[in-house]
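Working notes for the structure below.
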Amino acid sequence: MTAPVRIPFPVVDEVSRHCLQEEEPETVHIEVHLPGLLDRARLRKAFLEALHRHPRILMREARGPWYRRQYEWELTPEPDVEVVTFAPPGPRALLDART
């Protein structure tokens, strides 16, 4: 297995990393309103294909000692977590998903 490609953090990422707070995680929320029934497997597959077309989205902070002076991104072959989740249906589904 080859080592993942590593890219040094630019200044913007360095500043952003030091401003992170546990109360405000870095996540992306995309809200999709579709007419009719949803094919969950097809939507998951479409998102995964989109991630592979834009590989910079699959970058994560490379592991290293806590005392390192420079941070790096590394390109992963696949997402670390499930990229598409679905809120359980119900009268508060939209509110719960946004929360």
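Each chain in the structure tokens gets a letter, A, B and so on, in the order shown; residues start at 1 in every chain, and ligands are counted from 1 in the order they appear.
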For Asp13 in chain A, please output as an mmCIF file with N, CA, C and O atoms, in the first residue's frame all residues within 10 Å (counting only C-alpha atoms; exclusion window: fewer than 6 positions along the same chain).
```cif
data_model
loop_
_atom_site.group_PDB
_atom_site.id
_atom_site.type_symbol
_atom_site.label_atom_id
_atom_site.label_comp_id
_atom_site.auth_asym_id
_atom_site.auth_seq_id
_atom_site.Cartn_x
_atom_site.Cartn_y
_atom_site.Cartn_z
ATOM 1 N N CYS A 19 -8.865 27.994 15.047
ATOM 2 C CA CYS A 19 -10.105 28.653 15.483
ATOM 3 C C CYS A 19 -11.235 27.649 15.721
ATOM 4 O O CYS A 19 -12.321 28.039 16.147
ATOM 5 N N TYR A 71 1.114 21.506 9.669
ATOM 6 C CA TYR A 71 0.043 20.536 9.439
ATOM 7 C C TYR A 71 -0.034 20.227 7.948
ATOM 8 O O TYR A 71 0.323 21.051 7.109
ATOM 9 N N GLU A 72 -0.529 19.030 7.648
ATOM 10 C CA GLU A 72 -0.648 18.613 6.246
ATOM 11 C C GLU A 72 -2.010 17.956 6.027
ATOM 12 O O GLU A 72 -2.589 17.367 6.933
ATOM 13 N N TRP A 73 -2.479 18.080 4.789
ATOM 14 C CA TRP A 73 -3.656 17.345 4.340
ATOM 15 C C TRP A 73 -3.173 16.049 3.717
ATOM 16 O O TRP A 73 -2.080 15.986 3.172
#
```
Write out, as JSON lines, each residue of range 2-71 of chain A that has an atom at most 12 Å from range 83-93 of chain A, together with the closest pair of atoms and their distance in Å to one decimal, counting only C-alpha atoms, rows going by chain and rising number.
```
{"residue": "A:Thr27", "atom": "CA", "partner": "A:Val83", "partner_atom": "CA", "distance": 10.6}
{"residue": "A:Val28", "atom": "CA", "partner": "A:Val83", "partner_atom": "CA", "distance": 9.9}
{"residue": "A:His29", "atom": "CA", "partner": "A:Val84", "partner_atom": "CA", "distance": 9.9}
{"residue": "A:Ile30", "atom": "CA", "partner": "A:Val84", "partner_atom": "CA", "distance": 9.5}
{"residue": "A:Glu31", "atom": "CA", "partner": "A:Phe86", "partner_atom": "CA", "distance": 10.4}
{"residue": "A:Val32", "atom": "CA", "partner": "A:Phe86", "partner_atom": "CA", "distance": 10.6}
{"residue": "A:Leu38", "atom": "CA", "partner": "A:Phe86", "partner_atom": "CA", "distance": 10.4}
{"residue": "A:Asp39", "atom": "CA", "partner": "A:Phe86", "partner_atom": "CA", "distance": 11.4}
{"residue": "A:Arg40", "atom": "CA", "partner": "A:Phe86", "partner_atom": "CA", "distance": 8.5}
{"residue": "A:Ala41", "atom": "CA", "partner": "A:Val84", "partner_atom": "CA", "distance": 9.8}
{"residue": "A:Arg42", "atom": "CA", "partner": "A:Val84", "partner_atom": "CA", "distance": 10.9}
{"residue": "A:Leu43", "atom": "CA", "partner": "A:Val84", "partner_atom": "CA", "distance": 8.0}
{"residue": "A:Arg44", "atom": "CA", "partner": "A:Val84", "partner_atom": "CA", "distance": 6.0}
{"residue": "A:Lys45", "atom": "CA", "partner": "A:Val84", "partner_atom": "CA", "distance": 9.4}
{"residue": "A:Ala46", "atom": "CA", "partner": "A:Val84", "partner_atom": "CA", "distance": 10.1}
{"residue": "A:Phe47", "atom": "CA", "partner": "A:Val83", "partner_atom": "CA", "distance": 7.5}
{"residue": "A:Leu48", "atom": "CA", "partner": "A:Val83", "partner_atom": "CA", "distance": 7.6}
{"residue": "A:Glu49", "atom": "CA", "partner": "A:Val83", "partner_atom": "CA", "distance": 11.3}
{"residue": "A:Ala50", "atom": "CA", "partner": "A:Val83", "partner_atom": "CA", "distance": 11.1}
{"residue": "A:Leu51", "atom": "CA", "partner": "A:Val83", "partner_atom": "CA", "distance": 9.4}
{"residue": "A:Ile57", "atom": "CA", "partner": "A:Val83", "partner_atom": "CA", "distance": 11.3}
{"residue": "A:Leu58", "atom": "CA", "partner": "A:Val83", "partner_atom": "CA", "distance": 10.8}
```
Task: Proximity to Arg63 in chain A - best of A:Arg98, A:Asp80, A:Arg6, A:Ser16, only C-alpha atoms - done: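 Nearest candidate to Arg63 in chain A out of A:Arg98, A:Asp80, A:Arg6, A:Ser16: A:Arg6.
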- [ ] Just the alpha helix (DSSP H) stuff from range 32-91 of chain A, please, per backbone DSSP, written as a PyMOL selection string.
- [x] chain A and resi 40-53
Going by DSSP on the backbone, which bits of range 13-75 of chain A are strand (DSSP E)? Write them as a PDB file with N, CA and C atoms, in the first residue's frame, please.
```
ATOM      1  N   MET A  59      -9.939  15.065   1.254  1.00  0.00           N
ATOM      2  CA  MET A  59      -8.750  15.389   2.026  1.00  0.00           C
ATOM      3  C   MET A  59      -9.101  15.424   3.506  1.00  0.00           C
ATOM      4  N   ARG A  60      -8.149  14.991   4.325  1.00  0.00           N
ATOM      5  CA  ARG A  60      -8.304  15.092   5.783  1.00  0.00           C
ATOM      6  C   ARG A  60      -6.955  15.502   6.366  1.00  0.00           C
ATOM      7  N   GLU A  61      -7.000  16.012   7.594  1.00  0.00           N
ATOM      8  CA  GLU A  61      -5.751  16.391   8.253  1.00  0.00           C
ATOM      9  C   GLU A  61      -4.941  15.130   8.508  1.00  0.00           C
ATOM     10  N   GLU A  72      -0.529  19.030   7.648  1.00  0.00           N
ATOM     11  CA  GLU A  72      -0.648  18.613   6.246  1.00  0.00           C
ATOM     12  C   GLU A  72      -2.010  17.956   6.027  1.00  0.00           C
ATOM     13  N   TRP A  73      -2.479  18.080   4.789  1.00  0.00           N
ATOM     14  CA  TRP A  73      -3.656  17.345   4.340  1.00  0.00           C
ATOM     15  C   TRP A  73      -3.173  16.049   3.717  1.00  0.00           C
ATOM     16  N   GLU A  74      -4.008  15.007   3.769  1.00  0.00           N
ATOM     17  CA  GLU A  74      -3.710  13.795   3.009  1.00  0.00           C
ATOM     18  C   GLU A  74      -4.967  13.383   2.252  1.00  0.00           C
ATOM     19  N   LEU A  75      -4.755  12.877   1.056  1.00  0.00           N
ATOM     20  CA  LEU A  75      -5.848  12.442   0.200  1.00  0.00           C
ATOM     21  C   LEU A  75      -6.221  11.012   0.562  1.00  0.00           C
TER      22      LEU A  75
END
```
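We find CA of Pro55 in chain A and CA of Pro79 in chain A to be spaced 10.1 Å apart.
In terms of minimum interatomic distance to Thr2 in chain A, A:Thr76 ranks closest within A:Glu82, A:Leu95, A:Pro65, A:Thr76, counting only C-alpha atoms.
Among A:Leu94, A:Gly36, A:Gln21, A:Arg69, the residue with the shortest atom-to-atom distance to Pro8 in chain A, counting only C-alpha atoms, is A:Arg69.
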